[in-house]
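Data first, discussion second: the structure below is written as structure tokens.
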Amino acid sequence: MFIKNINEINRQAWLRQILATLPKGARLLDAGAGEQKNRQYCGHLNYVSQDFCKYQGVGGGAPDEGLQSNGWNTRGIDLVSDITAVPAPDASFDAILCSEVLEHVPDPTRALDEFSRLLKPGGKLILAAPWRLRAIASGTN
Amino acid sequence: MIKNINEINRQAWLKQTLNTLPKGVRLLDAGAGELKNRQYCSHLDYVSQDFCQYHGAEGGAPEEGLHPKKWDTNRIDLVCDITAIPAPDASFDVILCSEVLEHIPEPTHALDEFARLLKAGGVLILTAPFASNVHMAPYYYCSGFSKYWYEHHLNRRGFRIELLAAHGDWYALLRQEITRLGSMERQRGNWTWPLAYVYALLGVAYFDLRINKRADDLACFGWQCVAVKSDDVK
């Protein structure tokens, strides 16, 4: 019990709870969805995933620096694009989820600009990003 | 044992780097604060800039994070936003910006301004924390300035990186935080504080035992960067 990853466990529990409060059928964009870890909490939603799909883990040519995941499978992403230029109309989402992604974006505030364009008025933005991180998924500019 | 090697080593590096600059060159110290680095610039034409809106704990800072008691920016030459400095294009030979980027909402806009202010061939000297505790709140936005951050943002602005070196590593960072544990617990009135000192001493002893193995790809205090503005860029 001493060495549980409470960072991950508590964050995922929080996300699950927040996502459960969204009304059934709401259109949600999972920005920087990666392996769609949070899709499991979105069964009641109209779930759309976005990722740049350039990071593929150690097996996919990541540099030998920082922490890397062994494999990283982003097949099944709906919108393959830069997170600052998502091919979707203005005000086309009820909610945007962007969890543990901002640290991988060179200009994170431009992603925020894009989210504000994509969200309907009254739409919800759900963000989680590390405050003190170790280098993960490095070199994925 | 509890020397602040983060600060000491960074200042030593700055002193050494600034010393190598030729006599009389025009240097901008961007976000100069209390002019801590002016002492290394007596051979230079030194100009300081700061926004001068932070005044320390006694100057109305919120009770969050770390604060110096007082913060005196009375001697600043150019009082302005770091992203809009009232000086002509290409008017500086060198820009120094040390431990400042984490206090700027849009740090890349400061890089844009530095690129404008530097002469072609001019030198940009940067340091910024990779993992710092909150200090000078609310003017603390983001650390995590990684090697890849410098490479991405400097290259696209026409800078050639001459030096990009990790200052400290993951172990040094851990050691630093452990040395803070005792005083932190005491300050916050936790009865366990004597235990914290014992734990901290053990921790420090451990790190001193294994000091030679580095892991700076994982984390560090911050990166030290020297970049040159290319001749062929405006």
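Here, A, B, ... name the chains of the structure tokens in the order displayed, residue numbers run from 1 inside each chain, and ligands are numbered from 1 in the same displayed order.
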Distance query segment 57-64 of chain B at most 7 Å, only C-alpha atoms, self and fewer than 5 positions along chain excluded, as a list in words: Lys69, Lys70 and Ala137 of chain B
Exercise: segment 17-26 of chain B partners within 9 Å, only C-alpha atoms, chain neighbours under 3 positions left out, as a PyMOL selection string: chain B and resi 12-14+40-47+91-96+125+226
Exercise: segment 146-149 of chain B partners within 12 Å, only C-alpha atoms, chain neighbours under 3 positions left out, as a ChimeraX atom specification: /A:63,65-66,103-108,132-141 /B:101,107-108,111,126-131,142-143,152-156,161,163-167,216-225
Would you write out those residues with C-alpha atoms, as a compact mmCIF listing (two decimals), in the first residue's frame?
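Done, and the output landed in result39.txt:
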# COMPACT_ATOMS: atom_id res chain seq x y z
CA PRO A 63 15.04 9.26 -27.97
CA GLU A 65 16.03 10.29 -22.64
CA GLY A 66 13.52 10.70 -19.84
CA GLU A 103 3.12 19.75 -20.99
CA HIS A 104 3.63 18.12 -24.39
CA VAL A 105 2.46 21.15 -26.40
CA PRO A 106 5.14 23.73 -27.30
CA ASP A 107 2.66 26.62 -27.03
CA PRO A 108 0.05 25.40 -24.54
CA ARG A 132 5.95 19.24 -11.30
CA LEU A 133 6.80 16.60 -13.79
CA ARG A 134 9.55 14.33 -14.79
CA ALA A 135 10.37 14.37 -18.47
CA ILE A 136 7.99 12.02 -20.20
CA ALA A 137 7.40 11.48 -23.88
CA SER A 138 10.32 13.76 -24.60
CA GLY A 139 11.19 15.09 -28.04
CA THR A 140 7.67 15.08 -29.38
CA ASN A 141 7.57 18.67 -30.50
CA LEU B 101 10.58 33.03 -17.55
CA PRO B 107 7.27 33.25 -21.90
CA THR B 108 7.59 32.71 -25.65
CA LEU B 111 11.67 35.32 -26.56
CA LEU B 126 18.91 32.10 -20.30
CA THR B 127 18.29 30.15 -17.12
CA ALA B 128 14.86 29.04 -15.89
CA PRO B 129 13.69 26.37 -13.47
CA PHE B 130 12.65 22.95 -14.64
CA ALA B 131 11.05 22.18 -11.29
CA CYS B 142 4.85 27.69 -15.11
CA SER B 143 8.17 25.94 -14.75
CA HIS B 152 11.94 24.20 -30.17
CA HIS B 153 11.40 27.85 -29.38
CA LEU B 154 14.91 29.19 -29.97
CA ASN B 155 15.51 27.40 -33.26
CA ARG B 156 12.27 28.67 -34.76
CA ILE B 161 22.11 27.18 -29.46
CA LEU B 163 25.30 25.72 -24.98
CA LEU B 164 22.42 23.89 -23.35
CA ALA B 165 23.43 22.21 -20.12
CA ALA B 166 21.44 20.68 -17.31
CA HIS B 167 21.98 22.32 -13.96
CA ASP B 216 19.59 14.85 -15.82
CA ASP B 217 17.41 13.56 -18.64
CA LEU B 218 14.69 12.90 -16.07
CA ALA B 219 14.66 16.19 -14.22
CA CYS B 220 17.02 18.89 -13.01
CA PHE B 221 17.00 22.32 -11.33
CA GLY B 222 16.91 23.92 -14.73
CA TRP B 223 18.75 24.34 -18.02
CA GLN B 224 21.47 26.86 -18.70
CA CYS B 225 21.39 28.15 -22.22
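Within segment 114-184 of chain B, residues classed as alpha helix (DSSP H) by DSSP on backbone coordinates are Phe114, Ala115, Arg116, Leu117, Lys147, Tyr148, Trp149, Tyr150, Glu151, His152, His153, Leu154, Asn155, Trp170, Tyr171, Ala172, Leu173, Leu174, Arg175, Gln176, Glu177, Ile178, Thr179, Arg180, Leu181, Gly182, Ser183 and Met184 of chain B.
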Dump N, CA and C atoms for the selected residues as a PDB file, in the first residue's frame?
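Writing the result to again04.pdb gives the following:
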ATOM      1  N   PHE B 114      13.113  39.409 -27.219  1.00  0.00           N
ATOM      2  CA  PHE B 114      14.582  39.309 -27.174  1.00  0.00           C
ATOM      3  C   PHE B 114      15.148  39.213 -28.594  1.00  0.00           C
ATOM      4  N   ALA B 115      14.462  38.447 -29.439  1.00  0.00           N
ATOM      5  CA  ALA B 115      14.924  38.307 -30.830  1.00  0.00           C
ATOM      6  C   ALA B 115      14.891  39.661 -31.530  1.00  0.00           C
ATOM      7  N   ARG B 116      13.899  40.478 -31.221  1.00  0.00           N
ATOM      8  CA  ARG B 116      13.811  41.821 -31.818  1.00  0.00           C
ATOM      9  C   ARG B 116      14.927  42.725 -31.300  1.00  0.00           C
ATOM     10  N   LEU B 117      15.206  42.664 -30.016  1.00  0.00           N
ATOM     11  CA  LEU B 117      16.133  43.606 -29.385  1.00  0.00           C
ATOM     12  C   LEU B 117      17.602  43.300 -29.652  1.00  0.00           C
ATOM     13  N   LYS B 147      14.826  20.903 -21.949  1.00  0.00           N
ATOM     14  CA  LYS B 147      15.763  21.007 -23.069  1.00  0.00           C
ATOM     15  C   LYS B 147      15.008  21.194 -24.377  1.00  0.00           C
ATOM     16  N   TYR B 148      13.922  20.456 -24.499  1.00  0.00           N
ATOM     17  CA  TYR B 148      13.154  20.475 -25.745  1.00  0.00           C
ATOM     18  C   TYR B 148      12.435  21.813 -25.923  1.00  0.00           C
ATOM     19  N   TRP B 149      12.095  22.453 -24.836  1.00  0.00           N
ATOM     20  CA  TRP B 149      11.466  23.777 -24.907  1.00  0.00           C
ATOM     21  C   TRP B 149      12.438  24.780 -25.529  1.00  0.00           C
ATOM     22  N   TYR B 150      13.671  24.786 -25.025  1.00  0.00           N
ATOM     23  CA  TYR B 150      14.675  25.713 -25.579  1.00  0.00           C
ATOM     24  C   TYR B 150      14.932  25.412 -27.049  1.00  0.00           C
ATOM     25  N   GLU B 151      15.119  24.149 -27.373  1.00  0.00           N
ATOM     26  CA  GLU B 151      15.425  23.779 -28.765  1.00  0.00           C
ATOM     27  C   GLU B 151      14.302  24.212 -29.698  1.00  0.00           C
ATOM     28  N   HIS B 152      13.073  23.879 -29.314  1.00  0.00           N
ATOM     29  CA  HIS B 152      11.935  24.198 -30.169  1.00  0.00           C
ATOM     30  C   HIS B 152      11.791  25.705 -30.374  1.00  0.00           C
ATOM     31  N   HIS B 153      11.753  26.436 -29.275  1.00  0.00           N
ATOM     32  CA  HIS B 153      11.402  27.852 -29.377  1.00  0.00           C
ATOM     33  C   HIS B 153      12.551  28.738 -29.841  1.00  0.00           C
ATOM     34  N   LEU B 154      13.784  28.352 -29.528  1.00  0.00           N
ATOM     35  CA  LEU B 154      14.914  29.190 -29.965  1.00  0.00           C
ATOM     36  C   LEU B 154      15.227  28.948 -31.440  1.00  0.00           C
ATOM     37  N   ASN B 155      15.215  27.701 -31.850  1.00  0.00           N
ATOM     38  CA  ASN B 155      15.509  27.404 -33.259  1.00  0.00           C
ATOM     39  C   ASN B 155      14.534  28.108 -34.187  1.00  0.00           C
ATOM     40  N   TRP B 170      17.947  14.872 -11.383  1.00  0.00           N
ATOM     41  CA  TRP B 170      16.817  14.404 -10.585  1.00  0.00           C
ATOM     42  C   TRP B 170      17.223  14.142  -9.130  1.00  0.00           C
ATOM     43  N   TYR B 171      18.411  13.583  -8.937  1.00  0.00           N
ATOM     44  CA  TYR B 171      18.883  13.286  -7.581  1.00  0.00           C
ATOM     45  C   TYR B 171      19.168  14.573  -6.806  1.00  0.00           C
ATOM     46  N   ALA B 172      19.790  15.529  -7.480  1.00  0.00           N
ATOM     47  CA  ALA B 172      20.102  16.802  -6.815  1.00  0.00           C
ATOM     48  C   ALA B 172      18.812  17.516  -6.399  1.00  0.00           C
ATOM     49  N   LEU B 173      17.813  17.391  -7.248  1.00  0.00           N
ATOM     50  CA  LEU B 173      16.513  18.003  -6.967  1.00  0.00           C
ATOM     51  C   LEU B 173      15.872  17.371  -5.729  1.00  0.00           C
ATOM     52  N   LEU B 174      15.916  16.048  -5.704  1.00  0.00           N
ATOM     53  CA  LEU B 174      15.365  15.307  -4.573  1.00  0.00           C
ATOM     54  C   LEU B 174      16.110  15.670  -3.288  1.00  0.00           C
ATOM     55  N   ARG B 175      17.419  15.762  -3.394  1.00  0.00           N
ATOM     56  CA  ARG B 175      18.256  16.120  -2.252  1.00  0.00           C
ATOM     57  C   ARG B 175      17.884  17.522  -1.760  1.00  0.00           C
ATOM     58  N   GLN B 176      17.697  18.436  -2.699  1.00  0.00           N
ATOM     59  CA  GLN B 176      17.333  19.802  -2.332  1.00  0.00           C
ATOM     60  C   GLN B 176      16.024  19.824  -1.551  1.00  0.00           C
ATOM     61  N   GLU B 177      15.037  19.104  -2.019  1.00  0.00           N
ATOM     62  CA  GLU B 177      13.738  19.126  -1.349  1.00  0.00           C
ATOM     63  C   GLU B 177      13.827  18.462   0.027  1.00  0.00           C
ATOM     64  N   ILE B 178      14.624  17.403   0.128  1.00  0.00           N
ATOM     65  CA  ILE B 178      14.776  16.730   1.417  1.00  0.00           C
ATOM     66  C   ILE B 178      15.469  17.637   2.435  1.00  0.00           C
ATOM     67  N   THR B 179      16.453  18.422   1.979  1.00  0.00           N
ATOM     68  CA  THR B 179      17.109  19.323   2.928  1.00  0.00           C
ATOM     69  C   THR B 179      16.135  20.387   3.429  1.00  0.00           C
ATOM     70  N   ARG B 180      15.064  20.626   2.671  1.00  0.00           N
ATOM     71  CA  ARG B 180      14.083  21.631   3.097  1.00  0.00           C
ATOM     72  C   ARG B 180      13.035  21.066   4.063  1.00  0.00           C
ATOM     73  N   LEU B 181      13.004  19.750   4.197  1.00  0.00           N
ATOM     74  CA  LEU B 181      11.897  19.110   4.902  1.00  0.00           C
ATOM     75  C   LEU B 181      11.777  19.543   6.366  1.00  0.00           C
ATOM     76  N   GLY B 182      12.906  19.513   7.100  1.00  0.00           N
ATOM     77  CA  GLY B 182      12.883  19.840   8.524  1.00  0.00           C
ATOM     78  C   GLY B 182      12.351  21.240   8.776  1.00  0.00           C
ATOM     79  N   SER B 183      12.956  22.223   8.094  1.00  0.00           N
ATOM     80  CA  SER B 183      12.542  23.610   8.341  1.00  0.00           C
ATOM     81  C   SER B 183      11.110  23.847   7.871  1.00  0.00           C
ATOM     82  N   MET B 184      10.711  23.155   6.816  1.00  0.00           N
ATOM     83  CA  MET B 184       9.341  23.305   6.314  1.00  0.00           C
ATOM     84  C   MET B 184       8.341  22.820   7.362  1.00  0.00           C
TER      85      MET B 184
END
Shortest interatomic distance to chain A - which of B:Pro105, B:Gly168, B:Gly158, B:Pro194, counting only C-alpha atoms: B:Pro105
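The residue that comes closest to chain A, out of B:Phe51, B:Cys80, B:Gln39, B:Ser132 and on the basis of only C-alpha atoms, is B:Ser132.
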Test item: residues at most 8 Å from segment 111-119 of chain A, only C-alpha atoms, excluding those fewer than 5 positions along its chain, as a PyMOL selection string: chain A and resi 83-86+88-96+102+105+124-125
Could the residues in this selection be written to a file with N, CA and C atoms, as an mmCIF file, in the first residue's frame?
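Once written, part.cif looks like this:
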data_model
loop_
_atom_site.group_PDB
_atom_site.id
_atom_site.type_symbol
_atom_site.label_atom_id
_atom_site.label_comp_id
_atom_site.auth_asym_id
_atom_site.auth_seq_id
_atom_site.Cartn_x
_atom_site.Cartn_y
_atom_site.Cartn_z
ATOM 1 N N ILE A 83 -2.937 20.038 -32.137
ATOM 2 C CA ILE A 83 -3.943 20.396 -31.136
ATOM 3 C C ILE A 83 -4.319 21.873 -31.216
ATOM 4 N N THR A 84 -3.506 22.660 -31.899
ATOM 5 C CA THR A 84 -3.813 24.088 -32.039
ATOM 6 C C THR A 84 -4.582 24.363 -33.332
ATOM 7 N N ALA A 85 -4.875 23.321 -34.101
ATOM 8 C CA ALA A 85 -5.628 23.481 -35.350
ATOM 9 C C ALA A 85 -6.473 22.229 -35.570
ATOM 10 N N VAL A 86 -7.502 22.082 -34.767
ATOM 11 C CA VAL A 86 -8.356 20.897 -34.819
ATOM 12 C C VAL A 86 -9.428 21.112 -35.899
ATOM 13 N N ALA A 88 -12.487 21.100 -36.898
ATOM 14 C CA ALA A 88 -13.891 21.030 -36.473
ATOM 15 C C ALA A 88 -14.412 22.456 -36.416
ATOM 16 N N PRO A 89 -15.716 22.641 -36.664
ATOM 17 C CA PRO A 89 -16.263 24.005 -36.703
ATOM 18 C C PRO A 89 -16.251 24.687 -35.339
ATOM 19 N N ASP A 90 -16.336 26.016 -35.367
ATOM 20 C CA ASP A 90 -16.483 26.797 -34.129
ATOM 21 C C ASP A 90 -17.684 26.270 -33.346
ATOM 22 N N ALA A 91 -17.616 26.323 -32.064
ATOM 23 C CA ALA A 91 -18.739 26.018 -31.170
ATOM 24 C C ALA A 91 -19.378 24.672 -31.499
ATOM 25 N N SER A 92 -18.556 23.665 -31.696
ATOM 26 C CA SER A 92 -19.112 22.368 -32.072
ATOM 27 C C SER A 92 -19.011 21.315 -30.962
ATOM 28 N N PHE A 93 -18.528 21.710 -29.799
ATOM 29 C CA PHE A 93 -18.436 20.744 -28.693
ATOM 30 C C PHE A 93 -19.081 21.298 -27.416
ATOM 31 N N ASP A 94 -19.706 20.378 -26.681
ATOM 32 C CA ASP A 94 -20.284 20.747 -25.381
ATOM 33 C C ASP A 94 -19.229 20.701 -24.277
ATOM 34 N N ALA A 95 -18.242 19.844 -24.468
ATOM 35 C CA ALA A 95 -17.195 19.706 -23.459
ATOM 36 C C ALA A 95 -15.885 19.341 -24.145
ATOM 37 N N ILE A 96 -14.790 19.821 -23.564
ATOM 38 C CA ILE A 96 -13.465 19.396 -24.033
ATOM 39 C C ILE A 96 -12.686 18.901 -22.828
ATOM 40 N N LEU A 102 -1.002 19.215 -21.806
ATOM 41 C CA LEU A 102 -0.447 20.556 -22.038
ATOM 42 C C LEU A 102 1.077 20.592 -21.951
ATOM 43 N N VAL A 105 2.767 20.202 -25.327
ATOM 44 C CA VAL A 105 2.455 21.147 -26.400
ATOM 45 C C VAL A 105 3.432 22.322 -26.297
ATOM 46 N N LYS A 124 -18.006 23.166 -21.371
ATOM 47 C CA LYS A 124 -17.133 22.898 -20.228
ATOM 48 C C LYS A 124 -15.742 22.479 -20.682
ATOM 49 N N LEU A 125 -14.735 23.025 -20.042
ATOM 50 C CA LEU A 125 -13.350 22.647 -20.324
ATOM 51 C C LEU A 125 -12.795 21.938 -19.096
#
Near-Ile85 of chain B list (9 Å; only C-alpha atoms; drop same-chain fewer than 4 positions) as an NGL selection string: :B and (49 or 78-81 or 113 or 117)
Residue among A:Leu127, A:Ile3, A:His44, A:Asp64 lying closest to chain B, counting only C-alpha atoms: A:Asp64
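Using only C-alpha atoms, the smallest distance between any of A:Arg39, A:Arg110, A:Arg75, A:Lys24 and chain B comes from A:Arg110.
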Selected residue, from B:Asp208, B:Glu99, B:Glu106, B:Glu162, that lies nearest to chain A when counting only C-alpha atoms: B:Glu106
